[in-house]
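**Q** Structure file upload01.pdb (PDB, N, CA and C atoms) is given on the next line.
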ATOM      1  N   MET A   1      66.828   9.743-100.537
ATOM      2  CA  MET A   1      66.773  10.183 -99.170
ATOM      3  C   MET A   1      67.169   9.008 -98.282
ATOM      4  N   TRP A   2      68.062   9.254 -97.369
ATOM      5  CA  TRP A   2      68.535   8.228 -96.449
ATOM      6  C   TRP A   2      67.455   7.911 -95.423
ATOM      7  N   VAL A   3      67.168   6.622 -95.203
ATOM      8  CA  VAL A   3      66.162   6.185 -94.234
ATOM      9  C   VAL A   3      66.835   5.533 -93.033
ATOM     10  N   ALA A   4      67.733   4.619 -93.310
ATOM     11  CA  ALA A   4      68.442   3.863 -92.284
ATOM     12  C   ALA A   4      69.753   3.397 -92.913
ATOM     13  N   PRO A   5      70.650   2.817 -92.124
ATOM     14  CA  PRO A   5      71.881   2.307 -92.737
ATOM     15  C   PRO A   5      71.572   1.343 -93.893
ATOM     16  N   GLN A   6      72.103   1.627 -95.039
ATOM     17  CA  GLN A   6      71.937   0.849 -96.267
ATOM     18  C   GLN A   6      70.492   0.826 -96.779
ATOM     19  N   GLU A   7      69.652   1.781 -96.399
ATOM     20  CA  GLU A   7      68.276   1.859 -96.920
ATOM     21  C   GLU A   7      67.981   3.287 -97.357
ATOM     22  N   TYR A   8      67.408   3.405 -98.558
ATOM     23  CA  TYR A   8      67.165   4.715 -99.149
ATOM     24  C   TYR A   8      65.776   4.759 -99.778
ATOM     25  N   ASP A   9      65.080   5.892 -99.643
ATOM     26  CA  ASP A   9      63.817   6.141-100.328
ATOM     27  C   ASP A   9      64.113   6.920-101.597
ATOM     28  N   LEU A  10      63.590   6.451-102.723
ATOM     29  CA  LEU A  10      63.782   7.116-104.007
ATOM     30  C   LEU A  10      62.437   7.653-104.481
ATOM     31  N   PHE A  11      62.421   8.881-104.967
ATOM     32  CA  PHE A  11      61.205   9.504-105.471
ATOM     33  C   PHE A  11      61.395   9.820-106.945
ATOM     34  N   ILE A  12      60.494   9.332-107.783
ATOM     35  CA  ILE A  12      60.586   9.493-109.228
ATOM     36  C   ILE A  12      59.985  10.837-109.617
ATOM     37  N   GLN A  13      60.614  11.514-110.588
ATOM     38  CA  GLN A  13      60.048  12.731-111.143
ATOM     39  C   GLN A  13      59.092  12.367-112.261
ATOM     40  N   VAL A  14      58.122  13.226-112.524
ATOM     41  CA  VAL A  14      57.124  12.998-113.566
ATOM     42  C   VAL A  14      57.809  12.939-114.930
ATOM     43  N   ASP A  15      57.368  12.002-115.799
ATOM     44  CA  ASP A  15      57.908  11.897-117.151
ATOM     45  C   ASP A  15      57.637  13.183-117.930
ATOM     46  N   THR A  16      58.586  13.577-118.759
ATOM     47  CA  THR A  16      58.459  14.778-119.578
ATOM     48  C   THR A  16      57.319  14.615-120.584
ATOM     49  N   ASN A  17      56.583  15.680-120.811
ATOM     50  CA  ASN A  17      55.493  15.724-121.802
ATOM     51  C   ASN A  17      54.392  14.709-121.520
ATOM     52  N   THR A  18      54.076  14.471-120.264
ATOM     53  CA  THR A  18      52.962  13.597-119.904
ATOM     54  C   THR A  18      52.044  14.334-118.938
ATOM     55  N   ARG A  19      50.969  13.715-118.574
ATOM     56  CA  ARG A  19      50.021  14.295-117.621
ATOM     57  C   ARG A  19      50.276  13.769-116.213
ATOM     58  N   GLY A  20      51.536  13.649-115.871
ATOM     59  CA  GLY A  20      51.877  13.219-114.525
ATOM     60  C   GLY A  20      52.213  11.751-114.391
ATOM     61  N   HIS A  21      52.535  11.085-115.501
ATOM     62  CA  HIS A  21      52.859   9.656-115.451
ATOM     63  C   HIS A  21      54.251   9.438-114.862
ATOM     64  N   LEU A  22      54.384   8.361-114.123
ATOM     65  CA  LEU A  22      55.661   7.949-113.546
ATOM     66  C   LEU A  22      55.931   6.529-114.018
ATOM     67  N   GLN A  23      56.751   6.364-115.029
ATOM     68  CA  GLN A  23      56.961   5.035-115.591
ATOM     69  C   GLN A  23      58.412   4.587-115.530
ATOM     70  N   TRP A  24      59.344   5.463-115.847
ATOM     71  CA  TRP A  24      60.740   5.066-115.987
ATOM     72  C   TRP A  24      61.576   5.614-114.837
ATOM     73  N   TYR A  25      62.598   4.889-114.489
ATOM     74  CA  TYR A  25      63.521   5.370-113.475
ATOM     75  C   TYR A  25      64.912   4.823-113.763
ATOM     76  N   ASN A  26      65.895   5.557-113.314
ATOM     77  CA  ASN A  26      67.289   5.186-113.510
ATOM     78  C   ASN A  26      68.080   5.859-112.394
ATOM     79  N   PHE A  27      68.900   5.124-111.718
ATOM     80  CA  PHE A  27      69.738   5.732-110.695
ATOM     81  C   PHE A  27      71.054   4.988-110.614
ATOM     82  N   LYS A  28      72.031   5.656-110.044
ATOM     83  CA  LYS A  28      73.383   5.113-109.959
ATOM     84  C   LYS A  28      73.808   5.077-108.499
ATOM     85  N   VAL A  29      74.476   4.017-108.129
ATOM     86  CA  VAL A  29      75.004   3.867-106.778
ATOM     87  C   VAL A  29      76.522   3.853-106.875
ATOM     88  N   SER A  30      77.158   4.671-106.072
ATOM     89  CA  SER A  30      78.622   4.667-106.052
ATOM     90  C   SER A  30      79.099   4.454-104.624
ATOM     91  N   ARG A  31      80.310   4.009-104.510
ATOM     92  CA  ARG A  31      80.954   3.721-103.223
ATOM     93  C   ARG A  31      80.200   2.660-102.409
ATOM     94  N   ALA A  32      79.611   1.702-103.090
ATOM     95  CA  ALA A  32      78.960   0.577-102.399
ATOM     96  C   ALA A  32      80.036  -0.407-101.959
ATOM     97  N   HIS A  33      79.787  -1.083-100.877
ATOM     98  CA  HIS A  33      80.760  -2.035-100.334
ATOM     99  C   HIS A  33      80.359  -3.459-100.698
ATOM    100  N   LYS A  34      81.307  -4.214-101.179
ATOM    101  CA  LYS A  34      81.074  -5.603-101.564
ATOM    102  C   LYS A  34      80.576  -6.394-100.363
ATOM    103  N   GLY A  35      79.527  -7.199-100.590
ATOM    104  CA  GLY A  35      78.976  -8.041 -99.535
ATOM    105  C   GLY A  35      77.945  -7.338 -98.660
ATOM    106  N   THR A  36      77.732  -6.052 -98.874
ATOM    107  CA  THR A  36      76.742  -5.299 -98.102
ATOM    108  C   THR A  36      75.443  -5.238 -98.886
ATOM    109  N   ARG A  37      74.338  -5.522 -98.218
ATOM    110  CA  ARG A  37      73.023  -5.449 -98.865
ATOM    111  C   ARG A  37      72.466  -4.042 -98.720
ATOM    112  N   TYR A  38      71.912  -3.522 -99.813
ATOM    113  CA  TYR A  38      71.303  -2.206 -99.831
ATOM    114  C   TYR A  38      69.837  -2.350-100.213
ATOM    115  N   LYS A  39      69.002  -1.495 -99.662
ATOM    116  CA  LYS A  39      67.571  -1.526 -99.968
ATOM    117  C   LYS A  39      67.161  -0.161-100.513
ATOM    118  N   PHE A  40      66.500  -0.175-101.690
ATOM    119  CA  PHE A  40      66.022   1.044-102.329
ATOM    120  C   PHE A  40      64.509   0.955-102.445
ATOM    121  N   ASN A  41      63.809   1.877-101.822
ATOM    122  CA  ASN A  41      62.349   1.924-101.851
ATOM    123  C   ASN A  41      61.909   2.975-102.869
ATOM    124  N   ILE A  42      61.211   2.543-103.923
ATOM    125  CA  ILE A  42      60.669   3.491-104.889
ATOM    126  C   ILE A  42      59.308   3.901-104.357
ATOM    127  N   CYS A  43      59.230   5.093-103.794
ATOM    128  CA  CYS A  43      58.093   5.492-102.965
ATOM    129  C   CYS A  43      56.867   5.975-103.741
ATOM    130  N   ASN A  44      57.040   6.681-104.827
ATOM    131  CA  ASN A  44      55.875   7.246-105.510
ATOM    132  C   ASN A  44      55.620   6.605-106.874
ATOM    133  N   PHE A  45      55.973   5.360-107.014
ATOM    134  CA  PHE A  45      55.737   4.630-108.265
ATOM    135  C   PHE A  45      54.341   4.033-108.192
ATOM    136  N   GLN A  46      53.366   4.768-108.711
ATOM    137  CA  GLN A  46      51.968   4.345-108.601
ATOM    138  C   GLN A  46      51.354   4.278-109.986
ATOM    139  N   LYS A  47      51.082   3.086-110.423
ATOM    140  CA  LYS A  47      50.422   2.900-111.707
ATOM    141  C   LYS A  47      49.560   1.652-111.584
ATOM    142  N   ASN A  48      48.252   1.809-111.831
ATOM    143  CA  ASN A  48      47.326   0.683-111.669
ATOM    144  C   ASN A  48      47.637  -0.479-112.604
ATOM    145  N   LYS A  49      47.953  -0.180-113.850
ATOM    146  CA  LYS A  49      48.240  -1.222-114.831
ATOM    147  C   LYS A  49      49.733  -1.227-115.118
ATOM    148  N   SER A  50      50.467  -1.914-114.307
ATOM    149  CA  SER A  50      51.912  -1.974-114.449
ATOM    150  C   SER A  50      52.356  -3.425-114.569
ATOM    151  N   LEU A  51      53.415  -3.656-115.316
ATOM    152  CA  LEU A  51      53.947  -5.011-115.424
ATOM    153  C   LEU A  51      54.543  -5.489-114.109
ATOM    154  N   TYR A  52      54.872  -4.553-113.210
ATOM    155  CA  TYR A  52      55.380  -4.948-111.900
ATOM    156  C   TYR A  52      54.312  -5.674-111.085
ATOM    157  N   THR A  53      53.049  -5.342-111.288
ATOM    158  CA  THR A  53      51.974  -6.041-110.578
ATOM    159  C   THR A  53      51.768  -7.443-111.133
ATOM    160  N   ARG A  54      52.372  -7.723-112.291
ATOM    161  CA  ARG A  54      52.277  -9.046-112.915
ATOM    162  C   ARG A  54      53.553  -9.854-112.747
ATOM    163  N   GLY A  55      54.455  -9.381-111.881
ATOM    164  CA  GLY A  55      55.653 -10.158-111.586
ATOM    165  C   GLY A  55      56.943  -9.676-112.213
ATOM    166  N   MET A  56      56.889  -8.625-113.019
ATOM    167  CA  MET A  56      58.114  -8.125-113.630
ATOM    168  C   MET A  56      59.058  -7.588-112.544
ATOM    169  N   LYS A  57      60.351  -7.797-112.724
ATOM    170  CA  LYS A  57      61.376  -7.352-111.783
ATOM    171  C   LYS A  57      62.224  -6.255-112.435
ATOM    172  N   PRO A  58      62.773  -5.343-111.639
ATOM    173  CA  PRO A  58      63.659  -4.313-112.206
ATOM    174  C   PRO A  58      64.947  -4.931-112.745
ATOM    175  N   TYR A  59      65.515  -4.302-113.739
ATOM    176  CA  TYR A  59      66.786  -4.725-114.305
ATOM    177  C   TYR A  59      67.901  -4.073-113.504
ATOM    178  N   VAL A  60      68.893  -4.839-113.144
ATOM    179  CA  VAL A  60      70.022  -4.330-112.368
ATOM    180  C   VAL A  60      71.303  -4.609-113.150
ATOM    181  N   LEU A  61      72.112  -3.592-113.297
ATOM    182  CA  LEU A  61      73.395  -3.724-113.974
ATOM    183  C   LEU A  61      74.480  -3.403-112.966
ATOM    184  N   SER A  62      75.445  -4.286-112.850
ATOM    185  CA  SER A  62      76.554  -4.071-111.937
ATOM    186  C   SER A  62      77.839  -4.044-112.745
ATOM    187  N   LYS A  63      78.600  -2.984-112.579
ATOM    188  CA  LYS A  63      79.906  -2.870-113.233
ATOM    189  C   LYS A  63      80.967  -2.914-112.143
ATOM    190  N   CYS A  64      81.704  -4.003-112.100
ATOM    191  CA  CYS A  64      82.746  -4.179-111.078
ATOM    192  C   CYS A  64      84.106  -3.886-111.685
ATOM    193  N   ARG A  65      84.916  -3.165-110.940
ATOM    194  CA  ARG A  65      86.300  -2.920-111.362
ATOM    195  C   ARG A  65      87.160  -4.083-110.929
ATOM    196  N   ARG A  66      88.051  -4.520-111.807
ATOM    197  CA  ARG A  66      88.917  -5.658-111.476
ATOM    198  C   ARG A  66      90.346  -5.230-111.445
TER     199      ARG A  66
END
Once more with this new file: its structure as structure tokens, please.

**A**
Amino acid sequence: MWVAPQEYDLFIQVDTNTRGHLQWYNFKVSRAHKGTRYKFNICNFQKNKSLYTRGMKPYVLSKCRR
């Protein structure tokens, strides 16, 4: 969901075959402009015991066309 220029709210769907857990996420960005900063807010990622609370960072993969 668009929030502001270059800022988006992302909402995770419940994991399959769980009791409402939200653990994994994957999304793709297309038509991004080089040198422009984008902000993605993961809004409903709520887990009391998460590695993110211990400093873990999301993995980002960038595929640039040359």

**Q** Measuring between only C-alpha atoms, which one of A:Gly55, A:Ser50, A:Ala4, A:Leu61 shows the shortest distance to A:Phe27?

**A**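 Among A:Gly55, A:Ser50, A:Ala4, A:Leu61, it is A:Leu61 that comes nearest to A:Phe27.
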
**Q** Counting only C-alpha atoms, which residues sit no farther than 10 Å from the position (72.8, -3.9, -103.4) in the file's frame? I'd like them as a ChimeraX atom specification.

**A** /A:6-7,29,32-40,60,62

**Q** Would you output that residue set with N, CA and C atoms, as a PDB file, in the coordinates of the input?

**A**
ATOM      1  N   GLN A   6      72.103   1.627 -95.039  1.00  0.00           N
ATOM      2  CA  GLN A   6      71.937   0.849 -96.267  1.00  0.00           C
ATOM      3  C   GLN A   6      70.492   0.826 -96.779  1.00  0.00           C
ATOM      4  N   GLU A   7      69.652   1.781 -96.399  1.00  0.00           N
ATOM      5  CA  GLU A   7      68.276   1.859 -96.920  1.00  0.00           C
ATOM      6  C   GLU A   7      67.981   3.287 -97.357  1.00  0.00           C
ATOM      7  N   VAL A  29      74.476   4.017-108.129  1.00  0.00           N
ATOM      8  CA  VAL A  29      75.004   3.867-106.778  1.00  0.00           C
ATOM      9  C   VAL A  29      76.522   3.853-106.875  1.00  0.00           C
ATOM     10  N   ALA A  32      79.611   1.702-103.090  1.00  0.00           N
ATOM     11  CA  ALA A  32      78.960   0.577-102.399  1.00  0.00           C
ATOM     12  C   ALA A  32      80.036  -0.407-101.959  1.00  0.00           C
ATOM     13  N   HIS A  33      79.787  -1.083-100.877  1.00  0.00           N
ATOM     14  CA  HIS A  33      80.760  -2.035-100.334  1.00  0.00           C
ATOM     15  C   HIS A  33      80.359  -3.459-100.698  1.00  0.00           C
ATOM     16  N   LYS A  34      81.307  -4.214-101.179  1.00  0.00           N
ATOM     17  CA  LYS A  34      81.074  -5.603-101.564  1.00  0.00           C
ATOM     18  C   LYS A  34      80.576  -6.394-100.363  1.00  0.00           C
ATOM     19  N   GLY A  35      79.527  -7.199-100.590  1.00  0.00           N
ATOM     20  CA  GLY A  35      78.976  -8.041 -99.535  1.00  0.00           C
ATOM     21  C   GLY A  35      77.945  -7.338 -98.660  1.00  0.00           C
ATOM     22  N   THR A  36      77.732  -6.052 -98.874  1.00  0.00           N
ATOM     23  CA  THR A  36      76.742  -5.299 -98.102  1.00  0.00           C
ATOM     24  C   THR A  36      75.443  -5.238 -98.886  1.00  0.00           C
ATOM     25  N   ARG A  37      74.338  -5.522 -98.218  1.00  0.00           N
ATOM     26  CA  ARG A  37      73.023  -5.449 -98.865  1.00  0.00           C
ATOM     27  C   ARG A  37      72.466  -4.042 -98.720  1.00  0.00           C
ATOM     28  N   TYR A  38      71.912  -3.522 -99.813  1.00  0.00           N
ATOM     29  CA  TYR A  38      71.303  -2.206 -99.831  1.00  0.00           C
ATOM     30  C   TYR A  38      69.837  -2.350-100.213  1.00  0.00           C
ATOM     31  N   LYS A  39      69.002  -1.495 -99.662  1.00  0.00           N
ATOM     32  CA  LYS A  39      67.571  -1.526 -99.968  1.00  0.00           C
ATOM     33  C   LYS A  39      67.161  -0.161-100.513  1.00  0.00           C
ATOM     34  N   PHE A  40      66.500  -0.175-101.690  1.00  0.00           N
ATOM     35  CA  PHE A  40      66.022   1.044-102.329  1.00  0.00           C
ATOM     36  C   PHE A  40      64.509   0.955-102.445  1.00  0.00           C
ATOM     37  N   VAL A  60      68.893  -4.839-113.144  1.00  0.00           N
ATOM     38  CA  VAL A  60      70.022  -4.330-112.368  1.00  0.00           C
ATOM     39  C   VAL A  60      71.303  -4.609-113.150  1.00  0.00           C
ATOM     40  N   SER A  62      75.445  -4.286-112.850  1.00  0.00           N
ATOM     41  CA  SER A  62      76.554  -4.071-111.937  1.00  0.00           C
ATOM     42  C   SER A  62      77.839  -4.044-112.745  1.00  0.00           C
TER      43      SER A  62
END

**Q** Pick out the closest residue to A:Phe11 from this set: A:Cys43, A:Arg31, A:Asn26, A:Lys63. Count only N, CA and C atoms.

**A** A:Cys43

**Q** Between atom CA of A:Tyr52 and atom CA of A:Val14, measure the distance and give it in Å to one decimal.

**A**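 Separation of atom CA of A:Tyr52 and atom CA of A:Val14: 18.1 Å.
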
**Q** What gap, in Å, lies between atom N of A:Ile42 and atom CA of A:Leu10?

**A**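 Distance reported for this atom pair: 5.2 Å.
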
**Q** Work out how far atom CA of A:Val3 is from atom CA of A:Thr16, in Å to one decimal.

**A** 27.8 Å

**Q** Between A:Tyr25, A:Lys49, A:Asn44, A:Ser30, which has the minimum distance to A:Asp9 (counting only C-alpha atoms)?

**A**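 Nearest candidate to A:Asp9 out of A:Tyr25, A:Lys49, A:Asn44, A:Ser30: A:Asn44.
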
**Q** Would you please give, as a list of chain:residue names, all residues of chain A that DSSP assigns to helix (DSSP H, G or I) based on the backbone?

**A**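 Result set for chain A (helix (DSSP H, G or I)): A:Leu51, A:Tyr52, A:Thr53, A:Arg54.
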
**Q** Around stretch 57-62 of chain A, with edges along x, y and z and 8 Å added on all six sides, what centre and edge lengths do you get, in Å to one decimal, as lines of an AutoDock Vina configuration file?

**A**
center_x = 69.1
center_y = -5.6
center_z = -113.0
size_x = 33.5
size_y = 20.4
size_z = 18.7

**Q** Run DSSP on the backbone and grab whatever in chain A lands in strand (DSSP E); send it over as a list in words.

**A**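 DSSP-assigned strand (DSSP E) residues in chain A: Trp2, Val3, Ala4, Glu7, Tyr8, Asp9, Leu10, Lys39, Phe40, Asn41 and Ile42 of chain A.
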
**Q** Now that the selection is made, can you save its residues with N, CA and C atoms as a PDB file, in the frame of the given file?

**A**
ATOM      1  N   TRP A   2      68.062   9.254 -97.369  1.00  0.00           N
ATOM      2  CA  TRP A   2      68.535   8.228 -96.449  1.00  0.00           C
ATOM      3  C   TRP A   2      67.455   7.911 -95.423  1.00  0.00           C
ATOM      4  N   VAL A   3      67.168   6.622 -95.203  1.00  0.00           N
ATOM      5  CA  VAL A   3      66.162   6.185 -94.234  1.00  0.00           C
ATOM      6  C   VAL A   3      66.835   5.533 -93.033  1.00  0.00           C
ATOM      7  N   ALA A   4      67.733   4.619 -93.310  1.00  0.00           N
ATOM      8  CA  ALA A   4      68.442   3.863 -92.284  1.00  0.00           C
ATOM      9  C   ALA A   4      69.753   3.397 -92.913  1.00  0.00           C
ATOM     10  N   GLU A   7      69.652   1.781 -96.399  1.00  0.00           N
ATOM     11  CA  GLU A   7      68.276   1.859 -96.920  1.00  0.00           C
ATOM     12  C   GLU A   7      67.981   3.287 -97.357  1.00  0.00           C
ATOM     13  N   TYR A   8      67.408   3.405 -98.558  1.00  0.00           N
ATOM     14  CA  TYR A   8      67.165   4.715 -99.149  1.00  0.00           C
ATOM     15  C   TYR A   8      65.776   4.759 -99.778  1.00  0.00           C
ATOM     16  N   ASP A   9      65.080   5.892 -99.643  1.00  0.00           N
ATOM     17  CA  ASP A   9      63.817   6.141-100.328  1.00  0.00           C
ATOM     18  C   ASP A   9      64.113   6.920-101.597  1.00  0.00           C
ATOM     19  N   LEU A  10      63.590   6.451-102.723  1.00  0.00           N
ATOM     20  CA  LEU A  10      63.782   7.116-104.007  1.00  0.00           C
ATOM     21  C   LEU A  10      62.437   7.653-104.481  1.00  0.00           C
ATOM     22  N   LYS A  39      69.002  -1.495 -99.662  1.00  0.00           N
ATOM     23  CA  LYS A  39      67.571  -1.526 -99.968  1.00  0.00           C
ATOM     24  C   LYS A  39      67.161  -0.161-100.513  1.00  0.00           C
ATOM     25  N   PHE A  40      66.500  -0.175-101.690  1.00  0.00           N
ATOM     26  CA  PHE A  40      66.022   1.044-102.329  1.00  0.00           C
ATOM     27  C   PHE A  40      64.509   0.955-102.445  1.00  0.00           C
ATOM     28  N   ASN A  41      63.809   1.877-101.822  1.00  0.00           N
ATOM     29  CA  ASN A  41      62.349   1.924-101.851  1.00  0.00           C
ATOM     30  C   ASN A  41      61.909   2.975-102.869  1.00  0.00           C
ATOM     31  N   ILE A  42      61.211   2.543-103.923  1.00  0.00           N
ATOM     32  CA  ILE A  42      60.669   3.491-104.889  1.00  0.00           C
ATOM     33  C   ILE A  42      59.308   3.901-104.357  1.00  0.00           C
TER      34      ILE A  42
END
